[in-house]
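**Student:** Below is target28.txt; it holds compact mmCIF, N, CA and C atoms.
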```txt
# COMPACT_ATOMS: atom_id res chain seq x y z
N MET A 20 -3.75 37.43 15.69
CA MET A 20 -3.82 36.58 14.50
C MET A 20 -2.42 36.03 14.22
N VAL A 21 -2.37 34.72 13.93
CA VAL A 21 -1.11 34.05 13.64
C VAL A 21 -1.16 33.57 12.19
N ASN A 22 -0.12 33.89 11.44
CA ASN A 22 -0.05 33.43 10.06
C ASN A 22 0.96 32.31 9.92
N CYS A 23 0.70 31.40 9.00
CA CYS A 23 1.61 30.30 8.70
C CYS A 23 2.92 30.90 8.16
N PRO A 24 4.06 30.53 8.75
CA PRO A 24 5.34 31.04 8.26
C PRO A 24 5.66 30.58 6.83
N GLU A 25 5.04 29.51 6.38
CA GLU A 25 5.31 28.98 5.04
C GLU A 25 4.48 29.64 3.96
N CYS A 26 3.16 29.77 4.19
CA CYS A 26 2.28 30.24 3.12
C CYS A 26 1.45 31.47 3.50
N GLU A 27 1.64 31.98 4.72
CA GLU A 27 0.96 33.19 5.19
C GLU A 27 -0.55 33.04 5.41
N THR A 28 -1.08 31.82 5.43
CA THR A 28 -2.49 31.60 5.73
C THR A 28 -2.76 31.88 7.20
N ASP A 29 -3.91 32.49 7.51
CA ASP A 29 -4.31 32.73 8.89
C ASP A 29 -4.59 31.39 9.56
N LEU A 30 -3.87 31.09 10.65
CA LEU A 30 -4.03 29.80 11.33
C LEU A 30 -5.14 29.81 12.37
N ASP A 31 -5.69 30.98 12.70
CA ASP A 31 -6.83 31.08 13.62
C ASP A 31 -6.56 30.32 14.93
N ILE A 32 -5.43 30.64 15.56
CA ILE A 32 -5.05 30.03 16.84
C ILE A 32 -5.25 31.06 17.94
N GLU A 33 -5.96 30.67 19.00
CA GLU A 33 -6.17 31.53 20.15
C GLU A 33 -5.17 31.17 21.24
N GLU A 34 -4.53 32.17 21.86
CA GLU A 34 -3.53 31.93 22.90
C GLU A 34 -4.05 31.08 24.04
N ASP A 35 -5.32 31.27 24.42
CA ASP A 35 -5.86 30.53 25.56
C ASP A 35 -6.34 29.13 25.20
N GLU A 36 -6.22 28.74 23.94
CA GLU A 36 -6.67 27.41 23.51
C GLU A 36 -5.52 26.46 23.21
N VAL A 37 -4.27 26.92 23.33
CA VAL A 37 -3.12 26.08 23.01
C VAL A 37 -2.10 26.16 24.13
N ASP A 38 -1.17 25.19 24.14
CA ASP A 38 -0.10 25.14 25.13
C ASP A 38 1.24 25.12 24.42
N GLU A 39 2.28 25.58 25.11
CA GLU A 39 3.62 25.49 24.57
C GLU A 39 3.96 24.03 24.32
N GLY A 40 4.63 23.76 23.21
CA GLY A 40 5.01 22.39 22.86
C GLY A 40 3.98 21.68 22.02
N GLU A 41 2.78 22.23 21.92
CA GLU A 41 1.73 21.63 21.11
C GLU A 41 2.08 21.78 19.63
N VAL A 42 1.67 20.82 18.82
CA VAL A 42 1.92 20.87 17.39
C VAL A 42 0.61 21.20 16.67
N VAL A 43 0.68 22.18 15.78
CA VAL A 43 -0.47 22.57 14.97
C VAL A 43 -0.09 22.43 13.50
N SER A 44 -1.09 22.22 12.65
CA SER A 44 -0.85 22.08 11.23
C SER A 44 -1.57 23.17 10.47
N CYS A 45 -0.94 23.63 9.40
CA CYS A 45 -1.57 24.62 8.53
C CYS A 45 -2.56 23.89 7.63
N PRO A 46 -3.82 24.32 7.60
CA PRO A 46 -4.81 23.64 6.77
C PRO A 46 -4.57 23.86 5.27
N GLU A 47 -3.81 24.88 4.92
CA GLU A 47 -3.58 25.20 3.52
C GLU A 47 -2.40 24.42 2.93
N CYS A 48 -1.23 24.50 3.59
CA CYS A 48 -0.03 23.86 3.02
C CYS A 48 0.33 22.55 3.72
N GLY A 49 -0.29 22.27 4.89
CA GLY A 49 -0.06 21.00 5.58
C GLY A 49 1.20 20.96 6.44
N THR A 50 1.93 22.06 6.53
CA THR A 50 3.15 22.10 7.34
C THR A 50 2.79 22.05 8.83
N ASP A 51 3.56 21.26 9.59
CA ASP A 51 3.37 21.16 11.04
C ASP A 51 4.30 22.12 11.75
N PHE A 52 3.76 22.78 12.80
CA PHE A 52 4.54 23.73 13.59
C PHE A 52 4.38 23.43 15.06
N GLU A 53 5.49 23.56 15.81
CA GLU A 53 5.44 23.45 17.26
C GLU A 53 5.27 24.85 17.83
N ILE A 54 4.41 24.98 18.82
CA ILE A 54 4.20 26.27 19.48
C ILE A 54 5.33 26.46 20.49
N ILE A 55 6.14 27.50 20.27
CA ILE A 55 7.29 27.78 21.12
C ILE A 55 6.87 28.63 22.32
N THR A 56 6.14 29.70 22.07
CA THR A 56 5.60 30.54 23.14
C THR A 56 4.14 30.85 22.82
N ILE A 57 3.36 31.15 23.87
CA ILE A 57 1.94 31.43 23.62
C ILE A 57 1.59 32.89 23.82
N ASN A 58 2.50 33.70 24.33
CA ASN A 58 2.18 35.12 24.51
C ASN A 58 3.40 35.97 24.17
N PRO A 59 3.60 36.36 22.94
CA PRO A 59 2.75 36.08 21.78
C PRO A 59 3.03 34.68 21.23
N ILE A 60 2.14 34.18 20.40
CA ILE A 60 2.32 32.86 19.81
C ILE A 60 3.48 32.91 18.82
N GLU A 61 4.47 32.02 19.04
CA GLU A 61 5.58 31.87 18.12
C GLU A 61 5.62 30.42 17.67
N LEU A 62 5.85 30.21 16.38
CA LEU A 62 5.85 28.86 15.82
C LEU A 62 7.22 28.49 15.29
N LYS A 63 7.54 27.19 15.37
CA LYS A 63 8.77 26.65 14.80
C LYS A 63 8.39 25.43 13.98
N PRO A 64 8.87 25.34 12.75
CA PRO A 64 8.54 24.15 11.94
C PRO A 64 9.00 22.87 12.64
N VAL A 65 8.16 21.85 12.60
CA VAL A 65 8.53 20.55 13.15
C VAL A 65 9.48 19.90 12.15
N GLU A 66 10.59 19.41 12.66
CA GLU A 66 11.60 18.80 11.79
C GLU A 66 11.13 17.42 11.34
N GLU A 67 11.08 17.23 10.03
CA GLU A 67 10.66 15.95 9.48
C GLU A 67 11.62 14.84 9.89
N GLU A 68 12.93 15.13 9.96
CA GLU A 68 13.92 14.13 10.33
C GLU A 68 13.65 13.59 11.73
N ALA A 69 13.25 14.45 12.66
CA ALA A 69 12.98 14.02 14.03
C ALA A 69 11.82 13.02 14.04
N LEU A 70 10.79 13.28 13.24
CA LEU A 70 9.67 12.36 13.17
C LEU A 70 10.10 11.03 12.57
N ASP A 71 10.92 11.06 11.51
CA ASP A 71 11.38 9.84 10.86
C ASP A 71 12.22 9.01 11.82
N ASP A 72 13.10 9.65 12.61
CA ASP A 72 13.94 8.94 13.56
C ASP A 72 13.09 8.24 14.61
N ASP A 73 12.06 8.90 15.12
CA ASP A 73 11.18 8.30 16.11
C ASP A 73 10.48 7.08 15.56
N GLU A 74 10.00 7.16 14.31
CA GLU A 74 9.31 6.04 13.69
C GLU A 74 10.26 4.86 13.52
N GLU A 75 11.52 5.13 13.11
CA GLU A 75 12.48 4.05 12.92
C GLU A 75 12.80 3.37 14.24
N GLU A 76 12.91 4.14 15.34
CA GLU A 76 13.18 3.55 16.64
C GLU A 76 12.03 2.67 17.08
N GLU A 77 10.79 3.08 16.85
CA GLU A 77 9.63 2.27 17.21
C GLU A 77 9.63 0.97 16.44
N GLU A 78 9.95 1.02 15.14
CA GLU A 78 10.00 -0.19 14.32
C GLU A 78 11.06 -1.14 14.84
N ALA A 79 12.22 -0.62 15.26
CA ALA A 79 13.29 -1.44 15.77
C ALA A 79 12.87 -2.11 17.08
N GLU A 80 12.15 -1.39 17.93
CA GLU A 80 11.69 -1.95 19.19
C GLU A 80 10.65 -3.04 18.98
N ASP A 81 9.83 -2.90 17.93
CA ASP A 81 8.77 -3.87 17.67
C ASP A 81 9.30 -5.11 16.92
N GLY A 82 10.51 -5.03 16.44
CA GLY A 82 11.06 -6.12 15.63
C GLY A 82 11.52 -7.30 16.45
N ASP A 83 12.31 -8.17 15.81
CA ASP A 83 12.83 -9.38 16.47
C ASP A 83 13.76 -9.01 17.60
N LEU A 84 13.86 -9.88 18.58
CA LEU A 84 14.72 -9.65 19.72
C LEU A 84 16.03 -10.42 19.56
N SER A 85 16.57 -10.44 18.37
CA SER A 85 17.81 -11.20 18.13
C SER A 85 19.03 -10.43 18.53
```
Transcribe the structure of this file into structure tokens.
**Tutor:**
Amino acid sequence: MVNCPECETDLDIEEDEVDEGEVVSCPECGTDFEIITINPIELKPVEEEALDDDEEEEEAEDGDLS
């Protein structure tokens, strides 16, 4: 059994159903976690800044070519 590091809710994740690097979300608090290892399952919070940076880069690529 894996609990959310933020709110302690049971995440009901099975080791054989996930892969390292996969992102899962807590249904209770909505926090996203990256799976670091699967045996045992270890989670690391996904950094919001990293997501924001990726979105900004995509917007810049889609913009004008000036």
**Student:** In the coordinate frame of the file, compute which residues have an atom within 10 Å of (-3.3, 30.0, 18.7) when using only C-alpha atoms, and state them as a ChimeraX atom specification.
**Tutor:** /A:20-22,30-38,43,54,56-62
**Student:** Might you pull out every residue within 8 Å of Glu47 (chain A), with all atoms listed in the file counted and same-chain residues fewer than 3 positions away left off, and present them as an NGL selection string?
**Tutor:** :A and (26 or 28 or 44 or 50)
**Student:** Tell me, in Å to one decimal, how far atom C of Lys63 (chain A) is from atom C of Asp51 (chain A).
**Tutor:** 5.7 Å
**Student:** In Å, with one decimal, what is the gap from atom C of Gly49 (chain A) to atom N of Glu25 (chain A)?
**Tutor:**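 Taking atom C of Gly49 (chain A) as the start and atom N of Glu25 (chain A) as the end point, the length is 9.4 Å.
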**Student:** Please measure the separation of CA of Val42 (chain A) and atom N of Glu27 (chain A), giving the value in Å to one decimal.
**Tutor:**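 Computed distance, CA of Val42 (chain A) to atom N of Glu27 (chain A), equals 16.9 Å.
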**Student:** What lies within 7 Å of Glu41 (chain A) using only N, CA and C atoms, ignoring chain neighbours under 6 positions off, as a ChimeraX atom specification?
**Tutor:** /A:52-55
